[in-house]
file query.txt (compact mmCIF, C-alpha atoms)
# COMPACT_ATOMS: atom_id res chain seq x y z
CA TYR A 18 -50.01 117.22 48.52
CA SER A 19 -49.31 120.92 47.87
CA LEU A 20 -45.80 120.06 46.65
CA PHE A 21 -47.17 117.53 44.15
CA ILE A 22 -49.71 120.09 42.91
CA LEU A 23 -46.95 122.67 42.46
CA MET A 24 -44.79 120.19 40.59
CA ASP A 25 -47.66 119.43 38.22
CA ARG A 26 -48.04 123.07 37.22
CA GLU A 27 -46.58 124.35 33.96
CA GLU A 28 -44.38 126.98 35.64
CA ALA A 29 -42.66 124.26 37.66
CA SER A 30 -41.29 122.65 34.50
CA HIS A 31 -38.25 124.95 34.77
CA PRO A 32 -35.57 122.32 35.67
CA PRO A 33 -33.76 124.29 38.46
CA THR A 34 -37.10 125.10 40.11
CA LEU A 35 -38.31 121.53 39.67
CA ARG A 36 -35.04 120.19 41.10
CA ARG A 37 -35.57 122.11 44.36
CA ILE A 38 -39.26 121.17 44.57
CA SER A 39 -38.52 117.52 43.83
CA ARG A 40 -35.85 117.40 46.54
CA CYS A 41 -38.39 118.77 49.03
CA ILE A 42 -40.84 116.06 47.93
CA VAL A 43 -38.20 113.32 48.28
CA GLU A 44 -37.39 114.39 51.86
CA THR A 45 -41.07 114.85 52.73
CA VAL A 46 -42.10 111.44 51.37
CA SER A 47 -39.12 109.78 53.06
CA GLY A 48 -40.13 111.30 56.39
CA TYR A 49 -43.76 110.31 55.87
CA LYS A 50 -42.76 106.72 55.09
CA LYS A 51 -40.73 106.46 58.28
CA LEU A 52 -43.30 108.10 60.53
CA SER A 53 -46.21 106.09 59.10
CA ASN A 54 -44.27 102.81 58.95
CA GLY A 55 -44.43 102.61 55.16
CA GLY A 56 -47.69 104.47 54.53
CA ILE A 57 -49.18 104.81 51.04
CA ILE A 58 -48.47 108.18 49.40
CA SER A 59 -51.76 108.25 47.47
CA ASN A 60 -53.61 108.09 50.81
CA VAL A 61 -52.47 111.63 51.65
CA CYS A 62 -52.89 113.26 48.24
CA ASN A 63 -55.47 113.26 45.47
CA PHE A 64 -53.25 111.44 42.99
CA SER A 65 -53.57 107.73 42.33
CA ALA A 66 -50.44 105.57 42.20
CA LEU A 67 -50.49 105.54 38.39
CA GLU A 68 -50.94 109.32 38.24
CA LEU A 69 -48.00 109.78 40.61
CA PHE A 70 -45.91 107.45 38.45
CA GLN A 71 -46.72 109.44 35.29
CA LEU A 72 -45.92 112.69 37.09
CA VAL A 73 -42.51 111.41 38.22
CA THR A 74 -41.83 110.02 34.73
CA LYS A 75 -42.43 113.48 33.30
CA MET A 76 -40.02 114.91 35.87
CA PHE A 77 -37.34 112.40 34.89
CA TYR A 78 -37.50 113.31 31.19
CA LEU A 79 -37.39 117.02 32.03
CA GLY A 80 -34.27 116.27 34.06
CA CYS A 81 -32.79 114.57 31.01
CA GLY A 82 -33.52 117.67 28.94
CA ASP A 83 -35.66 115.56 26.62
CA LYS A 84 -39.14 117.09 26.54
CA ALA A 85 -40.07 115.14 23.41
CA SER A 86 -39.67 111.90 25.33
CA ILE A 87 -42.40 112.90 27.78
CA VAL A 88 -44.85 111.84 25.09
CA ALA A 89 -42.71 109.44 23.10
CA GLU A 90 -41.43 107.52 26.16
CA ALA A 91 -37.92 107.01 24.82
CA HIS A 92 -36.37 103.65 25.67
CA LYS A 93 -32.84 104.99 26.19
CA PRO A 94 -33.06 108.10 28.39
CA LYS A 95 -29.94 109.70 29.84
CA ALA A 96 -30.07 110.38 33.57
CA ASN A 97 -27.45 113.09 33.51
CA ASN A 98 -28.34 115.42 36.38
CA ILE A 99 -29.67 115.62 39.93
CA LEU A 100 -33.29 116.23 38.85
CA ALA A 101 -33.32 112.87 37.08
CA GLY A 102 -31.87 111.32 40.24
CA ASN A 103 -34.60 112.85 42.39
CA ALA A 104 -37.19 111.43 40.00
CA ILE A 105 -35.68 107.94 40.34
CA GLU A 106 -35.88 108.14 44.14
CA LEU A 107 -39.52 109.26 44.00
CA MET A 108 -40.30 106.52 41.49
CA GLY A 109 -38.90 104.00 43.97
CA PHE A 110 -41.40 105.19 46.60
CA VAL A 111 -44.28 104.98 44.11
CA ILE A 112 -43.28 101.46 43.01
CA ALA A 113 -43.21 100.41 46.67
CA ASP A 114 -46.79 101.66 47.07
CA MET A 115 -47.88 99.76 43.95
CA CYS A 116 -46.41 96.56 45.41
CA LYS A 117 -48.72 96.98 48.42
CA LEU A 118 -51.87 98.11 46.64
CA CYS A 119 -54.42 95.67 45.27
CA HIS A 120 -54.85 95.40 41.52
CA ASP A 121 -58.25 97.07 41.67
CA ASP A 122 -56.37 100.36 41.15
CA PHE A 123 -54.29 99.12 38.20
CA THR A 124 -53.77 95.92 36.23
CA GLU A 125 -50.82 93.57 36.57
CA HIS A 126 -49.78 94.53 33.05
CA GLU A 127 -49.74 98.23 33.99
CA PHE A 128 -47.60 97.37 37.01
CA LEU A 129 -45.15 95.47 34.78
CA LYS A 130 -44.92 98.47 32.43
CA CYS A 131 -44.09 100.70 35.41
CA ILE A 132 -41.35 98.31 36.52
CA SER A 133 -39.98 98.26 32.96
CA THR A 134 -39.84 102.06 32.86
CA PHE A 135 -38.19 102.13 36.29
CA ALA A 136 -35.62 99.56 35.11
CA ASN A 137 -34.78 101.70 32.06
CA PHE A 138 -34.26 104.74 34.28
CA ILE A 139 -32.05 102.79 36.68
CA ASN A 140 -30.02 101.46 33.77
CA SER A 141 -29.48 105.01 32.49
CA ALA A 142 -28.13 106.01 35.91
CA MET A 143 -25.50 103.26 36.01
CA VAL A 144 -23.05 105.06 33.71
CA PRO A 145 -19.75 105.75 35.56
CA ASP A 146 -19.13 109.18 33.98
CA ILE A 147 -22.32 110.84 35.25
CA SER A 148 -22.64 112.54 38.63
CA TRP A 149 -22.19 110.22 41.60
CA LYS A 150 -25.38 111.75 43.05
CA VAL A 151 -27.43 110.20 40.25
CA ARG A 152 -25.93 106.74 40.86
CA HIS A 153 -26.56 107.26 44.58
CA SER A 154 -30.20 108.06 43.80
CA ALA A 155 -30.40 104.89 41.69
CA ALA A 156 -29.28 102.75 44.65
CA LEU A 157 -31.73 104.54 46.98
CA GLY A 158 -34.54 104.20 44.44
CA VAL A 159 -34.05 100.44 44.12
CA LYS A 160 -33.90 100.09 47.90
CA GLU A 161 -37.08 102.09 48.50
CA SER A 162 -38.97 100.30 45.70
CA GLY A 163 -38.93 97.03 47.63
CA LEU A 164 -38.41 95.12 44.37
CA LEU A 165 -35.34 93.36 45.73
CA SER A 166 -37.54 91.51 48.21
CA VAL A 167 -40.96 91.63 46.56
CA CYS A 168 -43.11 88.52 47.04
CA LEU A 169 -43.91 87.02 43.64
CA ASN A 170 -46.74 84.71 44.72
CA ARG A 171 -49.41 87.38 44.27
CA TYR A 172 -48.51 87.83 40.60
CA LYS A 173 -50.05 85.31 38.24
CA THR A 174 -49.74 86.44 34.63
CA TYR A 175 -46.37 88.20 34.69
CA LYS A 176 -44.62 86.45 37.57
CA PHE A 177 -41.65 85.36 35.43
CA GLU A 178 -41.14 88.85 33.94
CA ILE A 179 -41.25 90.54 37.35
CA GLU A 180 -38.78 88.01 38.75
CA THR A 181 -36.45 88.73 35.81
CA TYR A 182 -36.46 92.43 36.69
CA LYS A 183 -35.90 91.53 40.32
CA MET A 184 -32.73 89.63 39.36
CA ARG A 185 -31.62 92.50 37.15
CA PHE A 186 -31.88 94.95 40.06
CA HIS A 187 -29.84 92.60 42.25
CA PHE A 188 -27.03 92.48 39.70
CA GLN A 189 -27.11 96.26 39.28
CA MET A 190 -26.64 96.67 43.02
CA LEU A 191 -23.72 94.24 42.81
CA GLN A 192 -22.24 96.55 40.18
CA LEU A 193 -22.67 99.60 42.43
CA LEU A 194 -20.90 97.76 45.26
CA GLN A 195 -17.74 98.47 43.28
CA ASP A 196 -18.60 102.06 42.39
CA GLY A 197 -15.87 104.67 42.60
CA ASP A 198 -17.81 106.72 45.18
CA GLU A 199 -18.03 105.55 48.79
CA ASP A 200 -21.55 106.92 49.36
CA VAL A 201 -22.84 105.00 46.33
CA ARG A 202 -21.21 101.79 47.61
CA LYS A 203 -22.81 102.24 51.03
CA ALA A 204 -26.25 102.87 49.52
CA ALA A 205 -25.95 99.77 47.33
CA ALA A 206 -24.81 97.67 50.29
CA THR A 207 -27.77 98.85 52.37
CA ALA A 208 -30.15 98.04 49.52
CA LEU A 209 -28.73 94.59 48.86
CA LEU A 210 -27.97 93.55 52.45
CA PRO A 211 -30.53 95.32 54.67
CA SER A 212 -30.60 92.68 57.42
CA THR A 213 -26.92 91.75 57.47
CA THR A 214 -24.49 93.14 59.99
CA HIS A 215 -21.58 94.35 57.91
CA ASN A 216 -19.21 97.23 57.51
CA PRO A 217 -19.95 98.97 54.18
CA THR A 218 -16.39 100.31 54.10
CA SER A 219 -15.09 96.72 53.91
CA ALA A 220 -15.50 96.48 50.16
CA LEU A 221 -14.35 92.89 49.68
CA ARG A 222 -16.48 91.45 52.48
CA THR A 223 -19.55 93.38 51.32
CA LEU A 224 -19.11 92.20 47.73
CA VAL A 225 -18.74 88.56 48.82
CA LEU A 226 -21.90 88.84 50.93
CA GLY A 227 -23.68 90.48 48.00
CA TYR A 228 -22.89 87.59 45.66
CA GLU A 229 -24.00 85.13 48.35
CA GLU A 230 -27.29 87.01 48.69
CA VAL A 231 -27.94 86.87 44.94
CA SER A 232 -26.92 83.23 44.47
CA CYS A 233 -29.23 82.10 47.29
CA GLY A 234 -32.22 84.10 46.11
CA PHE A 235 -32.80 82.62 42.67
CA ALA A 236 -32.76 79.28 40.88
CA ASN A 237 -29.50 78.09 39.33
CA GLU A 238 -30.80 78.09 35.78
CA GLN A 239 -31.86 81.74 36.16
CA LEU A 240 -28.47 82.82 37.46
CA PHE A 241 -26.33 80.88 35.00
CA GLU A 242 -26.74 83.26 32.06
CA LEU A 243 -26.32 86.39 34.19
CA PHE A 244 -23.08 85.18 35.77
CA VAL A 245 -21.74 84.26 32.31
CA GLN A 246 -22.65 87.74 31.10
CA GLN A 247 -20.76 89.25 34.02
CA ILE A 248 -17.64 87.26 33.18
CA TRP A 249 -17.93 88.19 29.50
CA SER A 250 -18.38 91.91 30.26
CA GLN A 251 -15.11 91.90 32.19
CA CYS A 252 -13.22 89.92 29.52
CA GLU A 253 -14.62 91.28 26.25
CA SER A 254 -11.53 93.47 25.59
CA VAL A 255 -8.96 90.75 26.37
CA GLU A 256 -8.52 89.66 22.75
CA ASP A 257 -8.06 93.23 21.51
CA ASP A 258 -5.56 93.94 24.29
CA PHE A 259 -3.64 90.77 23.45
CA LEU A 260 -3.49 91.63 19.74
CA LEU A 261 -2.31 95.14 20.61
CA VAL A 262 0.55 93.77 22.74
CA MET A 263 1.56 91.31 20.00
CA THR A 264 1.58 94.14 17.44
CA GLU A 265 3.82 96.25 19.66
CA ILE A 266 6.24 93.37 20.22
CA GLU A 267 6.39 92.66 16.48
CA ASN A 268 6.99 96.33 15.74
CA THR A 269 9.80 96.45 18.28
CA VAL A 270 11.52 93.35 16.93
CA GLN A 271 11.32 94.39 13.28
CA ASN A 272 12.55 97.97 13.76
CA THR A 273 16.22 98.51 14.47
CA ASP A 274 15.89 102.30 14.41
CA LEU A 275 15.03 103.41 17.97
CA SER A 276 13.04 106.40 16.72
CA ASN A 277 10.53 104.02 15.16
CA ILE A 278 9.91 102.16 18.43
CA LEU A 279 8.59 105.11 20.48
CA ASN A 280 4.94 104.13 20.03
CA LEU A 281 4.85 106.09 16.77
CA GLY A 282 4.31 103.09 14.53
CA THR A 283 1.65 101.37 16.64
CA THR A 284 -1.98 101.93 17.61
CA ARG A 285 -1.16 102.23 21.31
CA LYS A 286 -1.85 105.63 22.84
CA ILE A 287 1.10 107.41 24.41
CA PHE A 288 -1.14 108.85 27.12
CA GLU A 289 -3.55 106.30 28.50
CA GLU A 290 -7.16 107.32 29.05
CA GLU A 291 -8.31 107.91 32.61
CA GLU A 292 -10.19 105.01 34.17
CA LEU A 293 -13.84 105.90 34.79
CA ASN A 294 -13.88 103.72 37.89
CA ASN A 295 -10.56 102.89 39.53
CA PHE A 296 -12.33 101.09 42.37
CA GLU A 297 -13.69 98.27 40.19
CA GLU A 298 -11.61 95.09 40.17
CA SER A 299 -12.39 92.94 37.15
CA LEU A 300 -10.48 89.90 38.43
CA LEU A 301 -12.49 89.93 41.66
CA ILE A 302 -15.81 90.06 39.76
CA ILE A 303 -14.65 87.21 37.48
CA HIS A 304 -13.52 85.13 40.47
CA LEU A 305 -16.80 85.53 42.37
CA SER A 306 -18.89 84.86 39.25
CA ILE A 307 -16.96 81.69 38.43
CA GLU A 308 -17.23 80.56 42.05
CA LYS A 309 -21.02 80.90 41.91
CA LEU A 310 -21.20 79.24 38.50
CA ALA A 311 -19.34 76.23 39.92
CA LYS A 312 -22.12 75.82 42.46
CA CYS A 313 -24.88 75.83 39.86
CA SER A 314 -26.80 72.65 39.23
CA MET A 315 -24.70 70.11 37.34
CA ASP A 316 -27.87 68.96 35.60
CA TYR A 317 -28.31 72.42 34.11
CA LEU A 318 -24.65 72.81 33.16
CA SER A 319 -24.65 69.44 31.38
call {"tool": "encode", "arguments": {"input": "query.txt", "output": "structure tokens"}}
result
Amino acid sequence: YSLFILMDREEASHPPTLRRISRCIVETVSGYKKLSNGGIISNVCNFSALELFQLVTKMFYLGCGDKASIVAEAHKPKANNILAGNAIELMGFVIADMCKLCHDDFTEHEFLKCISTFANFINSAMVPDISWKVRHSAALGVKESGLLSVCLNRYKTYKFEIETYKMRFHFQMLQLLQDGDEDVRKAAATALLPSTTHNPTSALRTLVLGYEEVSCGFANEQLFELFVQQIWSQCESVEDDFLLVMTEIENTVQNTDLSNILNLGTTRKIFEEEELNNFEESLLIIHLSIEKLAKCSMDYLS
């Protein structure tokens, strides 16, 4: 409780100070959850679940260096440092509490808005060129939120919207299963496959099990579009790459002077750009997505 009070004070808005305080809160809350078998945070402090969520949201925007967004609630934040990652982990704990609490404390619409904000923050942490610690926090935040396994029967008005976010989180964990950092891959595997005996270092086996988990958890018509999007995201540059190769071949054939063939008359870069994620295998993602698409309902596909 004292840590939350300190974080809410104006002097704690200094990002380095807030980063240290927030890390202490993350470890304290994590320990409390384990010792109390998933106890509710608001039961041991004077903040309601919604107040805690707003506090952590403020912390996230401070971590992004975007103080204006604290009020404006920007839709495209940039989780570019450890403070933002700490906020995502804490938000996961708060979301988990809101899943357990009755709606006397908040409405279903308010809960949906919280999930939407959480989803935006997770999406901002999925960028390969930011610190691996932030992506690691994103995987831990999704795991601790309980949204991957949340029971939808208690939600009446926004059941479809919440289920859509649930699917989105599943596919984001699939993406992190092929992250370039081993710790991020392990965290994503633990989030997606908590009850499965597997070796997180066996990347191929874990990814196959992850796709099995997703394909069994939702209806075929819900998965169809997402699997198609996955295939498209891995193939969207194929046409440009093909045209580039054809241009180079044409340039080579038409020029008899060797000095004109040394990539000087084409759009190809002499020095290729570094891959942001060398661990990701596009062909494997395409293969698994097509395999799952083939198992979708033939009635829907027709």
call {"tool": "residues_near_point", "arguments": {"input": "query.txt", "point": "(-31.6, 108.5, 34.7)", "cutoff": "10 Å", "atoms": "only C-alpha atoms", "output": "ChimeraX atom specification"}}
result
/A:77-78,80-81,93-105,135-144,147,151-152,154-155
call {"tool": "atom_distance", "arguments": {"input": "query.txt", "atom1": "atom CA of A:Cys116", "atom2": "atom CA of A:Gly55"}}
result
11.6 Å
call {"tool": "closest_residue", "arguments": {"input": "query.txt", "among": "A:Glu297, A:Val111, A:Ile179, A:Cys168", "to": "A:Leu191", "atoms": "only C-alpha atoms"}}
result
A:Glu297
call {"tool": "atom_distance", "arguments": {"input": "query.txt", "atom1": "atom CA of A:Phe110", "atom2": "atom CA of A:Leu72"}}
result
12.9 Å
call {"tool": "closest_residue", "arguments": {"input": "query.txt", "among": "A:Val201, A:Val46, A:Ala311, A:Ala113", "to": "A:Pro145", "atoms": "only C-alpha atoms"}}
result
A:Val201
call {"tool": "closest_residue", "arguments": {"input": "query.txt", "among": "A:Val245, A:Cys252, A:Met115, A:Leu165", "to": "A:Leu67", "atoms": "all atoms listed in the file"}}
result
A:Met115
call {"tool": "atom_distance", "arguments": {"input": "query.txt", "atom1": "atom CA of A:Glu180", "atom2": "atom CA of A:Ile57"}}
result
23.3 Å
call {"tool": "closest_residue", "arguments": {"input": "query.txt", "among": "A:Leu157, A:Tyr49, A:Ile112, A:Met184", "to": "A:Cys233", "atoms": "only C-alpha atoms"}}
result
A:Met184
call {"tool": "closest_residue", "arguments": {"input": "query.txt", "among": "A:Phe259, A:Phe64, A:Phe244, A:Phe235", "to": "A:Ile307", "atoms": "all atoms listed in the file"}}
result
A:Phe244
call {"tool": "closest_residue", "arguments": {"input": "query.txt", "among": "A:Lys173, A:Lys203, A:Lys130, A:His187", "to": "A:Gly227", "atoms": "only C-alpha atoms"}}
result
A:His187
call {"tool": "residues_around", "arguments": {"input": "query.txt", "residues": "A:Ser306", "least_positions_apart": "3", "cutoff": "9 Å", "atoms": "only C-alpha atoms", "output": "PyMOL selection string"}}
result
chain A and resi 228+244-245+247-248+301-303+309-311
